[in-house]
Amino acid sequence: MAAPKDSDSRRLLRRLQAVMAEAAEGQERLDRIVNLVAESMATEVCSIYLHRDAETLELCATQGLNPASVHVTRLRVGEGLVGRVARRGAPLNTADAPSTTGFRYMPETGEEVYSSFLGVPVQRLGERLGVLVVQSKTAREFSEDEVYALEVVAMVLAEMTELGAFTGEGEALKPRHKQQVLMRGVTGQEGAAEGLVHLHDPRVVITNPVSDDPEGELVRLREAVDKLRLSVDRMLTAASGDREQTEVIEAFRMFAYSRSWLRRMEDDIDAGLTAEAAVEKEQTAARARMSKADPYLRDRLADLDDLSNRLLRMLTGQGRDSANMPDGAVLVARNIGPGELLEYGRRLKGVVLEEGSVGSHAAIVARAWAIPLVIQAQGITTEALSGDTILVDGDQGVVHLRPDEMVRNAFREKLAMAAQAQQRYASIRETPCVTLDGTRVELMMNAGLMADLPSLVSSGAEGVGLFRTELQFLTRNKVPKRGELASLYARVLDAAGDKPVVFRTLDIGSDKVLPYMKATEEPNPALGWRAIRVGLDKTGVMRMQLQALLRATNGRPLHVMFPFIAQMEEFLEARAHVTKELHREQSLGHSLPSSLRIGAMLETPSMAFAPRRFFEEADFISIGGNDLKQFFFAADRENERVRRRYDTLNVSYLSLIEKIVDRCAETGTQLSFCGEDAGRPVEALCFAAMGLRCLSMRPASIGPVKHILLRANLPEVREVIAVARESGEQSVRPAVMDYLRSR
């Protein structure tokens, strides 16, 4: 292949590479770069603006403007032409800057009126770092080649900023990834942990973005792309027979075989970039384009990101390294599925996600492991580096990255206090939960994994009030076999010994979508086709699961609970399936349960007003507090803007709970409360005062809840609640807290 011509951009990059190689402090290096760019592009002005924070740009180097304005002149994002470039994330090229919308004259820079303006964003994989600007007195629009050359320089600047090439003594040039950062997210699971960051998808760091050998870089790129395409073809072959998976991988393959994608990267290499720098430049540009597109194209951005990351790992040899995960690791990821999270095992001390939801699969696993989880921590995957010290405060939904000694010491005091409390709880582990007035309250634990079962002993739980069976479906690429499920359920019963286990049948839909199940587009999935509605429409999976449960008992008691019952007929129909499968197992000569109890989760307000027959037919009822609360208040529990507005101890909600307690008492139906609120001591105390005698929660909550109940007089608490209700208060929480403080 003939050597490509020596382009302007390549000559400029070679000179830039020489400047970068010189020994210099950060500010000196920036000053040399603006001088070089201004000279190479024959402009009177070249300036670099870097983000001081998310909304503020600071002039950090200039050739042609007043040197005294460096680190003095600041702009808000969107302010002036420079601010417009930062906001849009796209170049702005004009021959008549003063007449261009948004122009702002900055007298402190001592600038004359420059007609021509070209500004390009300095950005890396969606993170906006600053703006690179050239200006000239001559009224002219910069050519496409000049715009491209400046974009290439901006890309190199972004990589060098990532590597800390511009750090120094100046306040605005502090080293990236060295400063402490406080991030506010959302609580996914309570608890606190100190550890070291382990990135699920570590960023590939490009140490040398400029190439001296374009031909060699083109060969490297094409070989890596061929290898990537081969791996995608293998994925497609492995998915044959599964129509939904095949459709997804076909879309993935379309990107991998895109000629325009490859051609743009080849052009970047011709301009003087290395293969990996060309991949990242195109990835950054694609992010900027697609983030402004319609929702369908934005969804495809994840596919393109995945392809680019795979290609970068092939070119650099960098990638995931779970084998070298440090002790006490805190997993940091954009998002993560349950199968991937389970692969890390219980070695993790905490999890921080940039996305995620309180009802996500990751949250379910984190609760099962009793490790803190913070979700929606914006920017965490960009700010964090593997090995960074991190403090995760799941109680407050806060993350401290690279904290200073004062913050660490305060956090460790909090951990020490929590450890002391756990020691107190351990001392009451075997103590029956009986209040001061002699009321017995059963404390059960929630589970969903075999790994949860040891907590039965360590937590002091009296049984499993909820075993979520969907996790075994969510962590696989195909429907598990009946024999596999029967074996798993048998091991759960073995581990529980003589303690009861309540198996909730498959609860999918809403935020729990099986990987191998075609997603159903619904305007409001939480109110749509989910849980028992899926089971009654697709009876094959329900029957298979019921058969597995019946065979797992091997002569032991069985407790089955159906989720999301919204009317009595659904429960009766589901119970009829159990009876039918029981007769079938008997006819096959299989061992039957020694006893069988069939219950329902009460998660919709409608069931509080169900016919009396429902309460008579159900062997037991469990209030599903998470869903019941969101439907009662019409507040999506995934929506932080509304869910925190509504208090569990709201008088109206407690009145609903009281009505359910009374209706179950009329028919002698066993009642429990299952959900996050059951594990909160003050809420648990109020539930017990309202008449609930069984609470099911995560294992780590049993100690704190038992601690408060052992010291409680339920008639006194009920009286406090009654007085608060009669006084017209919206919530009984202030009155109950005053009572507890007085005690």
# chains A, B, ... in the order shown; residues from 1 in each chain; ligands from 1
call {"tool": "select_by_dssp", "arguments": {"residues": "stretch 609-698 of chain A", "states": "alpha helix (DSSP H)", "output": "PyMOL selection string"}}
result
chain A and resi 612-617+625-633+640-643+651-667+681-689
call {"tool": "residues_around", "arguments": {"residues": "A:Ser652", "least_positions_apart": "2", "cutoff": "10 Å", "atoms": "only C-alpha atoms", "output": "list in words"}}
result
Phe632, Phe633, Asp647, Thr648, Leu649, Asn650, Leu654, Ser655, Leu656, Ile657, Glu658, Arg725, Gln730 and Ser731 of chain A
call {"tool": "residues_around", "arguments": {"residues": "stretch 224-230 of chain A", "least_positions_apart": "5", "cutoff": "12 Å", "atoms": "only C-alpha atoms", "output": "PyMOL selection string"}}
result
chain A and resi 217-219+235-237+249-250+252-259+261-263+265-266+275-276+279+306-317
call {"tool": "select_by_dssp", "arguments": {"residues": "stretch 362-508 of chain A", "states": "strand (DSSP E or B)", "output": "list of chain:residue names"}}
result
A:Leu373, A:Val374, A:Ile375, A:Thr389, A:Ile390, A:Leu391, A:Val392, A:Asp393, A:Val398, A:Val399, A:His400, A:Leu401, A:Val434, A:Arg440, A:Glu442, A:Leu443, A:Met444, A:Met445, A:Asn446, A:Ala447, A:Val464, A:Gly465, A:Leu466, A:Phe467, A:Arg468, A:Val501, A:Val502, A:Phe503, A:Arg504
call {"tool": "write_last_selection", "arguments": {"atoms": "N, CA and C atoms", "output": "PDB file, in the first residue's frame"}}
result
ATOM      1  N   LEU A 373     -25.497  -0.512  48.586  1.00  0.00           N
ATOM      2  CA  LEU A 373     -25.615  -0.243  47.157  1.00  0.00           C
ATOM      3  C   LEU A 373     -26.102   1.188  46.973  1.00  0.00           C
ATOM      4  N   VAL A 374     -25.363   1.962  46.178  1.00  0.00           N
ATOM      5  CA  VAL A 374     -25.791   3.297  45.783  1.00  0.00           C
ATOM      6  C   VAL A 374     -25.999   3.286  44.283  1.00  0.00           C
ATOM      7  N   ILE A 375     -27.152   3.743  43.833  1.00  0.00           N
ATOM      8  CA  ILE A 375     -27.472   3.772  42.407  1.00  0.00           C
ATOM      9  C   ILE A 375     -27.594   5.220  41.942  1.00  0.00           C
ATOM     10  N   THR A 389      -9.486   4.714  46.704  1.00  0.00           N
ATOM     11  CA  THR A 389     -10.214   4.542  47.958  1.00  0.00           C
ATOM     12  C   THR A 389     -11.637   5.074  47.768  1.00  0.00           C
ATOM     13  N   ILE A 390     -12.611   4.333  48.287  1.00  0.00           N
ATOM     14  CA  ILE A 390     -14.005   4.745  48.141  1.00  0.00           C
ATOM     15  C   ILE A 390     -14.765   4.428  49.415  1.00  0.00           C
ATOM     16  N   LEU A 391     -15.618   5.347  49.824  1.00  0.00           N
ATOM     17  CA  LEU A 391     -16.504   5.165  50.975  1.00  0.00           C
ATOM     18  C   LEU A 391     -17.931   5.158  50.444  1.00  0.00           C
ATOM     19  N   VAL A 392     -18.683   4.097  50.748  1.00  0.00           N
ATOM     20  CA  VAL A 392     -20.060   3.967  50.262  1.00  0.00           C
ATOM     21  C   VAL A 392     -21.004   4.087  51.453  1.00  0.00           C
ATOM     22  N   ASP A 393     -21.814   5.120  51.438  1.00  0.00           N
ATOM     23  CA  ASP A 393     -22.815   5.322  52.489  1.00  0.00           C
ATOM     24  C   ASP A 393     -24.181   5.020  51.894  1.00  0.00           C
ATOM     25  N   VAL A 398     -24.781   8.260  49.398  1.00  0.00           N
ATOM     26  CA  VAL A 398     -23.636   9.144  49.146  1.00  0.00           C
ATOM     27  C   VAL A 398     -22.382   8.301  48.929  1.00  0.00           C
ATOM     28  N   VAL A 399     -21.512   8.767  48.033  1.00  0.00           N
ATOM     29  CA  VAL A 399     -20.231   8.101  47.769  1.00  0.00           C
ATOM     30  C   VAL A 399     -19.112   9.125  47.924  1.00  0.00           C
ATOM     31  N   HIS A 400     -18.098   8.776  48.708  1.00  0.00           N
ATOM     32  CA  HIS A 400     -16.902   9.613  48.842  1.00  0.00           C
ATOM     33  C   HIS A 400     -15.771   8.916  48.078  1.00  0.00           C
ATOM     34  N   LEU A 401     -15.287   9.554  47.030  1.00  0.00           N
ATOM     35  CA  LEU A 401     -14.214   8.994  46.218  1.00  0.00           C
ATOM     36  C   LEU A 401     -12.911   9.709  46.562  1.00  0.00           C
ATOM     37  N   VAL A 434     -40.176 -11.125  72.087  1.00  0.00           N
ATOM     38  CA  VAL A 434     -41.374 -10.898  72.895  1.00  0.00           C
ATOM     39  C   VAL A 434     -41.291  -9.493  73.468  1.00  0.00           C
ATOM     40  N   ARG A 440     -45.795 -11.816  71.238  1.00  0.00           N
ATOM     41  CA  ARG A 440     -44.803 -12.563  70.454  1.00  0.00           C
ATOM     42  C   ARG A 440     -44.870 -12.107  69.005  1.00  0.00           C
ATOM     43  N   GLU A 442     -43.027 -12.794  65.250  1.00  0.00           N
ATOM     44  CA  GLU A 442     -42.103 -13.621  64.462  1.00  0.00           C
ATOM     45  C   GLU A 442     -41.301 -12.730  63.517  1.00  0.00           C
ATOM     46  N   LEU A 443     -39.999 -12.957  63.459  1.00  0.00           N
ATOM     47  CA  LEU A 443     -39.134 -12.223  62.546  1.00  0.00           C
ATOM     48  C   LEU A 443     -38.541 -13.202  61.543  1.00  0.00           C
ATOM     49  N   MET A 444     -38.921 -13.044  60.292  1.00  0.00           N
ATOM     50  CA  MET A 444     -38.479 -13.933  59.218  1.00  0.00           C
ATOM     51  C   MET A 444     -37.523 -13.163  58.301  1.00  0.00           C
ATOM     52  N   MET A 445     -36.818 -13.891  57.442  1.00  0.00           N
ATOM     53  CA  MET A 445     -35.901 -13.249  56.499  1.00  0.00           C
ATOM     54  C   MET A 445     -36.333 -13.481  55.063  1.00  0.00           C
ATOM     55  N   ASN A 446     -35.967 -12.547  54.204  1.00  0.00           N
ATOM     56  CA  ASN A 446     -36.181 -12.688  52.770  1.00  0.00           C
ATOM     57  C   ASN A 446     -34.923 -13.293  52.149  1.00  0.00           C
ATOM     58  N   ALA A 447     -35.092 -14.069  51.091  1.00  0.00           N
ATOM     59  CA  ALA A 447     -33.953 -14.702  50.421  1.00  0.00           C
ATOM     60  C   ALA A 447     -34.294 -14.889  48.952  1.00  0.00           C
ATOM     61  N   VAL A 464     -37.831 -18.430  56.501  1.00  0.00           N
ATOM     62  CA  VAL A 464     -37.771 -17.592  55.303  1.00  0.00           C
ATOM     63  C   VAL A 464     -39.195 -17.192  54.942  1.00  0.00           C
ATOM     64  N   GLY A 465     -39.519 -15.923  55.168  1.00  0.00           N
ATOM     65  CA  GLY A 465     -40.867 -15.445  54.891  1.00  0.00           C
ATOM     66  C   GLY A 465     -41.118 -15.192  53.421  1.00  0.00           C
ATOM     67  N   LEU A 466     -40.034 -15.082  52.655  1.00  0.00           N
ATOM     68  CA  LEU A 466     -40.145 -14.871  51.208  1.00  0.00           C
ATOM     69  C   LEU A 466     -38.889 -15.393  50.545  1.00  0.00           C
ATOM     70  N   PHE A 467     -39.033 -16.437  49.718  1.00  0.00           N
ATOM     71  CA  PHE A 467     -37.928 -16.882  48.875  1.00  0.00           C
ATOM     72  C   PHE A 467     -38.294 -16.523  47.445  1.00  0.00           C
ATOM     73  N   ARG A 468     -37.523 -15.582  46.871  1.00  0.00           N
ATOM     74  CA  ARG A 468     -37.797 -15.096  45.514  1.00  0.00           C
ATOM     75  C   ARG A 468     -37.286 -16.120  44.511  1.00  0.00           C
ATOM     76  N   VAL A 501     -40.054 -22.284  54.990  1.00  0.00           N
ATOM     77  CA  VAL A 501     -39.643 -21.492  53.831  1.00  0.00           C
ATOM     78  C   VAL A 501     -40.880 -21.236  52.976  1.00  0.00           C
ATOM     79  N   VAL A 502     -41.179 -19.962  52.709  1.00  0.00           N
ATOM     80  CA  VAL A 502     -42.310 -19.595  51.855  1.00  0.00           C
ATOM     81  C   VAL A 502     -41.766 -19.280  50.468  1.00  0.00           C
ATOM     82  N   PHE A 503     -42.114 -20.131  49.496  1.00  0.00           N
ATOM     83  CA  PHE A 503     -41.648 -19.927  48.119  1.00  0.00           C
ATOM     84  C   PHE A 503     -42.666 -19.061  47.374  1.00  0.00           C
ATOM     85  N   ARG A 504     -42.209 -17.900  46.893  1.00  0.00           N
ATOM     86  CA  ARG A 504     -43.065 -17.085  46.036  1.00  0.00           C
ATOM     87  C   ARG A 504     -42.861 -17.527  44.597  1.00  0.00           C
TER      88      ARG A 504
END
call {"tool": "closest_residue", "arguments": {"among": "A:Met561, A:Ala574, A:Val122, A:Leu150", "to": "A:Leu596", "atoms": "only C-alpha atoms"}}
result
A:Met561
call {"tool": "atom_distance", "arguments": {"atom1": "atom CA of A:Glu484", "atom2": "atom CA of A:Gly497"}}
result
20.3 Å
call {"tool": "closest_residue", "arguments": {"among": "A:Leu493, A:Val77, A:Ala38, A:Met450", "to": "A:Leu65", "atoms": "only C-alpha atoms"}}
result
A:Ala38
call {"tool": "closest_residue", "arguments": {"among": "A:Trp369, A:Lys137, A:Met20, A:Gln179", "to": "A:Thr207", "atoms": "only C-alpha atoms"}}
result
A:Met20
call {"tool": "closest_residue", "arguments": {"among": "A:Met601, A:Ala158, A:Ala42, A:Leu199", "to": "A:Thr284", "atoms": "only C-alpha atoms"}}
result
A:Ala158
call {"tool": "atom_distance", "arguments": {"atom1": "atom CA of A:Arg693", "atom2": "atom CA of A:Leu709"}}
result
11.4 Å
call {"tool": "closest_residue", "arguments": {"among": "A:Ser701, A:Ser587, A:Ser606, A:Thr187", "to": "A:Arg429", "atoms": "only C-alpha atoms"}}
result
A:Ser701
call {"tool": "residues_around", "arguments": {"residues": "A:Thr62", "least_positions_apart": "6", "cutoff": "8 Å", "atoms": "only C-alpha atoms", "output": "PyMOL selection string"}}
result
chain A and resi 31+34-35+45-48+70
call {"tool": "residues_around", "arguments": {"residues": "A:Arg334", "least_positions_apart": "6", "cutoff": "6 Å", "atoms": "only C-alpha atoms", "output": "JSON, numbers by chain"}}
result
{"A": [353, 354, 355]}
call {"tool": "write_last_selection", "arguments": {"atoms": "C-alpha atoms", "output": "mmCIF file, in the first residue's frame"}}
result
data_model
loop_
_atom_site.group_PDB
_atom_site.id
_atom_site.type_symbol
_atom_site.label_atom_id
_atom_site.label_comp_id
_atom_site.auth_asym_id
_atom_site.auth_seq_id
_atom_site.Cartn_x
_atom_site.Cartn_y
_atom_site.Cartn_z
ATOM 1 C CA LEU A 353 -23.913 2.094 39.855
ATOM 2 C CA GLU A 354 -24.199 5.082 37.540
ATOM 3 C CA GLU A 355 -27.657 3.903 36.515
#
call {"tool": "residues_around", "arguments": {"residues": "A:Glu716", "least_positions_apart": "5", "cutoff": "10 Å", "atoms": "only C-alpha atoms", "output": "ChimeraX atom specification"}}
result
/A:437,689,721-722,739
call {"tool": "write_last_selection", "arguments": {"atoms": "N, CA and C atoms", "output": "compact mmCIF listing (two decimals), in the first residue's frame"}}
result
# COMPACT_ATOMS: atom_id res chain seq x y z
N ASP A 437 -44.89 -6.11 76.82
CA ASP A 437 -46.28 -6.44 77.21
C ASP A 437 -46.61 -7.90 76.93
N ALA A 689 -47.53 -2.70 66.55
CA ALA A 689 -48.55 -2.03 67.37
C ALA A 689 -49.91 -2.07 66.69
N ILE A 721 -50.07 6.26 68.56
CA ILE A 721 -50.54 6.32 67.17
C ILE A 721 -51.98 6.82 67.13
N ALA A 722 -52.83 6.32 68.03
CA ALA A 722 -54.24 6.71 68.04
C ALA A 722 -54.40 8.20 68.33
N TYR A 739 -42.10 9.84 71.45
CA TYR A 739 -42.33 8.80 72.47
C TYR A 739 -41.06 7.98 72.71
call {"tool": "decode", "arguments": {"residues": "stretch 361-417 of chain A", "atoms": "C-alpha atoms", "output": "compact mmCIF listing (two decimals), in the first residue's frame"}}
result
# COMPACT_ATOMS: atom_id res chain seq x y z
CA HIS A 361 -31.85 -7.19 39.85
CA ALA A 362 -28.60 -5.76 41.21
CA ALA A 363 -30.50 -4.25 44.13
CA ILE A 364 -32.13 -7.59 44.89
CA VAL A 365 -28.74 -9.33 44.98
CA ALA A 366 -27.17 -6.54 47.07
CA ARG A 367 -29.98 -6.84 49.61
CA ALA A 368 -29.52 -10.58 49.72
CA TRP A 369 -25.82 -10.12 50.42
CA ALA A 370 -26.51 -7.26 52.86
CA ILE A 371 -23.92 -5.02 51.18
CA PRO A 372 -24.46 -1.30 50.60
CA LEU A 373 -25.62 -0.24 47.16
CA VAL A 374 -25.79 3.30 45.78
CA ILE A 375 -27.47 3.77 42.41
CA GLN A 376 -27.76 6.71 39.99
CA ALA A 377 -24.35 8.09 41.06
CA GLN A 378 -23.88 10.25 37.98
CA GLY A 379 -20.33 10.32 36.61
CA ILE A 380 -18.91 7.64 38.92
CA THR A 381 -17.54 5.49 36.08
CA THR A 382 -15.74 8.51 34.65
CA GLU A 383 -14.35 9.82 37.94
CA ALA A 384 -13.28 6.52 39.53
CA LEU A 385 -10.15 4.53 38.79
CA SER A 386 -9.56 0.95 39.88
CA GLY A 387 -7.71 1.00 43.18
CA ASP A 388 -9.11 4.35 44.33
CA THR A 389 -10.21 4.54 47.96
CA ILE A 390 -14.01 4.74 48.14
CA LEU A 391 -16.50 5.16 50.98
CA VAL A 392 -20.06 3.97 50.26
CA ASP A 393 -22.81 5.32 52.49
CA GLY A 394 -25.87 3.36 51.44
CA ASP A 395 -27.95 4.92 54.22
CA GLN A 396 -27.61 8.40 52.73
CA GLY A 397 -27.04 7.43 49.09
CA VAL A 398 -23.64 9.14 49.15
CA VAL A 399 -20.23 8.10 47.77
CA HIS A 400 -16.90 9.61 48.84
CA LEU A 401 -14.21 8.99 46.22
CA ARG A 402 -10.56 9.47 47.23
CA PRO A 403 -11.62 11.05 50.57
CA ASP A 404 -9.20 13.02 52.73
CA GLU A 405 -8.15 11.85 56.19
CA MET A 406 -10.81 13.86 58.02
CA VAL A 407 -13.65 12.33 55.99
CA ARG A 408 -12.16 8.83 56.35
CA ASN A 409 -11.87 9.17 60.12
CA ALA A 410 -15.48 10.34 60.46
CA PHE A 411 -16.65 7.49 58.26
CA ARG A 412 -14.67 4.92 60.24
CA GLU A 413 -16.30 6.16 63.42
CA LYS A 414 -19.66 5.45 61.80
CA LEU A 415 -18.50 1.94 60.82
CA ALA A 416 -17.23 1.32 64.37
CA MET A 417 -20.58 2.35 65.84
